[in-house]
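S.K.: Can you read through this structure? Questions will come right after.
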Amino acid sequence: MTGPGLLDGVRVVEIGSALGAHFAGRLLGLLGADVIKVEPVHGDPSRRRGPFIRDVPHIEGSTLFLYANMCKRSVTANAATPTGRSLISKLVDTADAVIFDGNDSAWTPLSDLRKAERGRPIWVEVSAFGASGPHRDWTLSEVALYHAGGEGYLLPGGTTFLAYPDREPIKGPRYLGSFSAGVSIAVAALLALLDEVRGPGSLFIDVSLQECLLQLLRAEIHQCGDLGVVQSRAMRSLGVAGLLPSRDGWLELYPLEPRMWNSLMQLMGNPEWADGPDFFASARLGQAPGEKALENVGMWTAQRPKEETAQLCQEAGIAAGAVLTIDEALGAEQLAAREFFQLLPHPYAGELRYPVLPFGGNVTSAVNLRSAPLLGAHNVDVWGEVAAASGQDVCKMFEAGVI
Amino acid sequence: MVESILDGIRVLDLGWVWAGAVCGAILAEWGAEVIKVESRTRIDPARQGRPLVGDIPDPEQNPLFHNANRRKESVCIDIKMTEGRDLIRKFAEKCDVIVENMTPHALNGLQLGYEELCKVNPAIIMVSYPLAGAGGPKSELRGYGPTAGSIVGLDNLMGYQDSDTVLGFSHAIADPVVGIHAATSVLAALRERKTTGMGQHIDLSMLECLLPYMGYGLLEFQMNGDRGEKRENRHPLYAPNGLYPCIDEDEGDAWIALAVETDVEWAGLCKVLGLDSLAEDPRFADLLQRQRNRQELDAALSAATSRYSKFELELALQAAGVAATAVLAPKDRYLDDHMRFRKTYVEVDHPVLGSEPLYADPIHFDVWKPAPMRRAPLLGEHTDEVLRRVLGLEADEIARLKSGGVLV
């Protein structure tokens, strides 16, 4: 998988500790952009987040960092020194786009770089609640981001909520909130890269992480508008679809269309409880006589292994999937056939399989894949290029704590 | 005069349900003309569901559809009919982008796959995003967003720590996620087309869009065989971290989400909550102590937070530098000054549902404004107009197609 990418020739500079920005940079890197990550002299804070390779704390061993920073180059700079600031300024001048974390106080001295009076770069400023409004200075952690995005209040929902009606809402696993926001940040950069007609002046894009997360639900706000219906975890039911028990785990079954439901009933031997011409419609709305439809289907699925039921349903044209564990997902035949995981070497972490771009085109798409960079691995190349610094100059800057 | 970034780009939207709709919605947001092809012979499930007004099922009452299809025009064509398929080919000739998310056999079987459409328009960019991608042994896998959450392993990590029950998402997060990825692929391909003049077929997999959200867990498993655990709201590092109860009018369902890393933040939290004794308690003296004594810490904090309303506490904690937010229920967004200031949602008039709030885009350019907001189309609302404007069909031809059952 090597060759030109869709963003070949585009340079993106990524500054700051927001994981959403890191994920956006990763996506642009996978698309072929030259993504240069500017790190503090002692490394990005996520380098100090576990779990660590071989359970040894090490600046090059954070799986979080390794994961979110593939296909990038790394330079270091101390923004508090005039020389460090000047280096970054020169780098920014060579960039097509800058992704800047507006909440990261370590880089605050750089925020005026975006005021450069020239056509570039595109400046994508990412912050917790956006660059304007009463909450513009507020901060977020992952848990706060997820729940400020509104999605958390509605999880777990529907059938699964009924098992724990008195418990607190939960969030999506790991850094799902930040990573989701990252894709919207990439969209912002890509939109701007398409724009070639604007006049002089740096194009500034304000992206709020909270608003990115709100994009994930979009519908619920409506129902408390004029109609006075307030969505809750209990209401999130589709009547005929949901998570059901199986003999060896769980199964997600979604016979949302009448033809799928009919096929399912056939598989189940046309049980008497589902008789009647309007049964599906009533079940879909959670009304009698179909209000216990899913419970009844659950008794059927509970007797069988998850993969067997999923396959049986798929063959009958019914949307279904076994709830897989991480190893089962990593071993999936379909993903292997599509070469979605690529084995990449890393000087410290060794060879690991990484998921790559979720799409490919028939013209160009693949890029030179590489694992995350070592801290400051590209100081000589990049500072040499943008600041005409010799190897000796770079060594001096290193000794002086500038890089 | 160019009014928005994608002005002049025409998109044929064959997208289905939520996932299929999101890509076109993002393109429409930035000025693309998006023509959604639908049919009364198979109504989009996103148009269906529990009616909000009255008891009779109505394809015009699903707010999810309205959000994901705003600014689009709706054209009804039965693509199973020969003349319907001819119309799609004519549209392909006049469009820049085609968006679709059906299982691969569907369009190929109707001779409407990329190979066919590319013959009438070599510069066309077509993005196909079925559940498992257009190629591979399981490319015909059927499913909705929640199915994807199960198959990639995310659902298995959802649940309370003290229970074996998997709670899953019961939510279609994969739908917006794949739609946003599809938009990134189209934007990148449009950019490339500017230099090469070449269109292309983008094969995108919903599973592959969602799976990377598993994050470092994928590397962790390879490293030490750890399959991960259900963590509800917890984070292994921060302490305290999670949801704590508040007293609000929500009948016991009001919460504050917070995470504390540094000792300064911890001191700030204790001060806001009036917990001087906790601030000096050696069990919570530093991050490691707080991690070790998480249970006692959570119990003491929950007792304290439950004396406050979530918004009152949010305000005080943010002022003290603690990353805390009220767990936002849908109705809260109407009361949120910040969202009002940023115009996070806009109200449009809908002929069936009346005044209706729609989310705005999270991207704010200083130069560009999104295209003006327009409500989602009624089913087939623009059939005549679009056939006339884009394909140049005369009124009698449209009438003939209608009477022949092609435009239903």
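Ordering of the structure tokens sets the chain letters (A, B, ...); residue numbers start at 1 within each chain; ligands are numbered from 1 in the order shown.
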For region 236-253 of chain A, work out the shell of residues within 6 Å, counting only C-alpha atoms and skipping chain neighbours fewer than 2 positions away, then give it as number ranges by chain.

M.R.: A: 157-158, 233-234, 283-286, 294, 298, 301-306, 320-323; B: 147

S.K.: Can you work out the spacing between CA of Glu60 (chain B) and CA of Thr383 (chain B) in Å, to one decimal?

M.R.: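 Separation of CA of Glu60 (chain B) and CA of Thr383 (chain B): 16.2 Å.
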
S.K.: Quick one: everything within 12 Å of Val352 (chain B), counting only C-alpha atoms, minus sequence neighbours fewer than 5 positions away in the same chain. Send it as a ChimeraX atom specification.

M.R.: /A:226-227 /B:51-54,58-63,66,375-378

S.K.: Deliver the residues from the most recent selection as a file, using N, CA, C and O atoms, as a CSV table (one decimal), in the first residue's frame.

M.R.:
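Okay, out-v2.csv is ready:
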chain,number,residue,atom,x,y,z
A,226,ASP,N,-41.9,22.2,20.1
A,226,ASP,CA,-43.3,22.6,20.2
A,226,ASP,C,-44.1,21.4,20.8
A,226,ASP,O,-45.2,21.5,21.3
A,227,LEU,N,-43.5,20.2,20.6
A,227,LEU,CA,-44.3,19.0,20.9
A,227,LEU,C,-44.3,18.6,22.4
A,227,LEU,O,-45.0,17.8,22.8
B,51,PRO,N,-45.3,8.4,14.9
B,51,PRO,CA,-45.7,9.7,14.6
B,51,PRO,C,-45.7,10.7,15.8
B,51,PRO,O,-46.1,10.2,16.9
B,52,LEU,N,-45.3,11.9,15.6
B,52,LEU,CA,-45.3,12.9,16.7
B,52,LEU,C,-46.7,13.6,16.8
B,52,LEU,O,-47.1,14.0,17.9
B,53,VAL,N,-47.4,13.7,15.7
B,53,VAL,CA,-48.7,14.3,15.7
B,53,VAL,C,-49.7,13.3,15.2
B,53,VAL,O,-49.5,12.7,14.1
B,54,GLY,N,-50.7,13.0,16.1
B,54,GLY,CA,-51.6,11.9,15.7
B,54,GLY,C,-51.1,10.5,15.9
B,54,GLY,O,-50.0,10.4,16.4
B,58,ASP,N,-46.8,8.4,9.3
B,58,ASP,CA,-46.7,9.5,8.3
B,58,ASP,C,-45.2,9.7,7.9
B,58,ASP,O,-44.4,9.9,8.8
B,59,PRO,N,-44.9,9.7,6.7
B,59,PRO,CA,-43.4,9.8,6.3
B,59,PRO,C,-42.9,11.2,6.5
B,59,PRO,O,-41.7,11.4,6.2
B,60,GLU,N,-43.7,12.1,7.0
B,60,GLU,CA,-43.2,13.5,7.1
B,60,GLU,C,-43.0,13.9,8.6
B,60,GLU,O,-42.9,15.0,8.9
B,61,GLN,N,-42.9,12.9,9.5
B,61,GLN,CA,-42.9,13.2,10.9
B,61,GLN,C,-41.6,12.8,11.7
B,61,GLN,O,-41.6,12.8,12.9
B,62,ASN,N,-40.6,12.3,11.0
B,62,ASN,CA,-39.5,11.8,11.7
B,62,ASN,C,-38.4,12.9,11.8
B,62,ASN,O,-37.7,13.2,10.8
B,63,PRO,N,-38.1,13.5,13.0
B,63,PRO,CA,-37.1,14.6,13.1
B,63,PRO,C,-35.7,14.1,12.7
B,63,PRO,O,-34.9,15.0,12.3
B,66,HIS,N,-35.5,14.7,9.1
B,66,HIS,CA,-35.5,16.2,8.9
B,66,HIS,C,-34.1,16.8,9.1
B,66,HIS,O,-33.7,17.7,8.4
B,375,ARG,N,-35.6,23.6,5.3
B,375,ARG,CA,-36.2,22.4,5.9
B,375,ARG,C,-36.0,21.2,5.0
B,375,ARG,O,-35.8,21.3,3.8
B,376,ALA,N,-36.1,20.0,5.6
B,376,ALA,CA,-36.0,18.7,4.8
B,376,ALA,C,-37.2,18.7,3.8
B,376,ALA,O,-38.3,19.2,4.1
B,377,PRO,N,-37.0,18.1,2.7
B,377,PRO,CA,-38.1,18.0,1.7
B,377,PRO,C,-39.2,17.0,2.1
B,377,PRO,O,-38.9,16.0,2.7
B,378,LEU,N,-40.4,17.3,1.6
B,378,LEU,CA,-41.5,16.3,1.7
B,378,LEU,C,-41.2,15.3,0.6
B,378,LEU,O,-40.5,15.5,-0.3

S.K.: Apply DSSP to the structure's backbone, then extract all residues of region 129-244 of chain A labelled helix (DSSP H, G or I) and return them as a VMD selection string.

M.R.: chain A and resid 142 to 148 152 to 154 158 to 163 176 to 194 209 to 214 220 to 224

S.K.: Which residues, written as a list of chain:residue names, have at least one atom at most 10 Å from Thr63 (chain A), with only C-alpha atoms counted and residues fewer than 6 positions away on the same chain left out?

M.R.: A:Ser46, A:Arg47, A:Arg48, A:Arg49, A:Gly50, A:Pro51, A:Phe52, A:Ile53, A:Asn69, A:Ala349, A:Ala372, B:Gly215, B:Tyr216, B:Gly217, B:Leu218, B:Leu219, B:Glu220, B:Met223
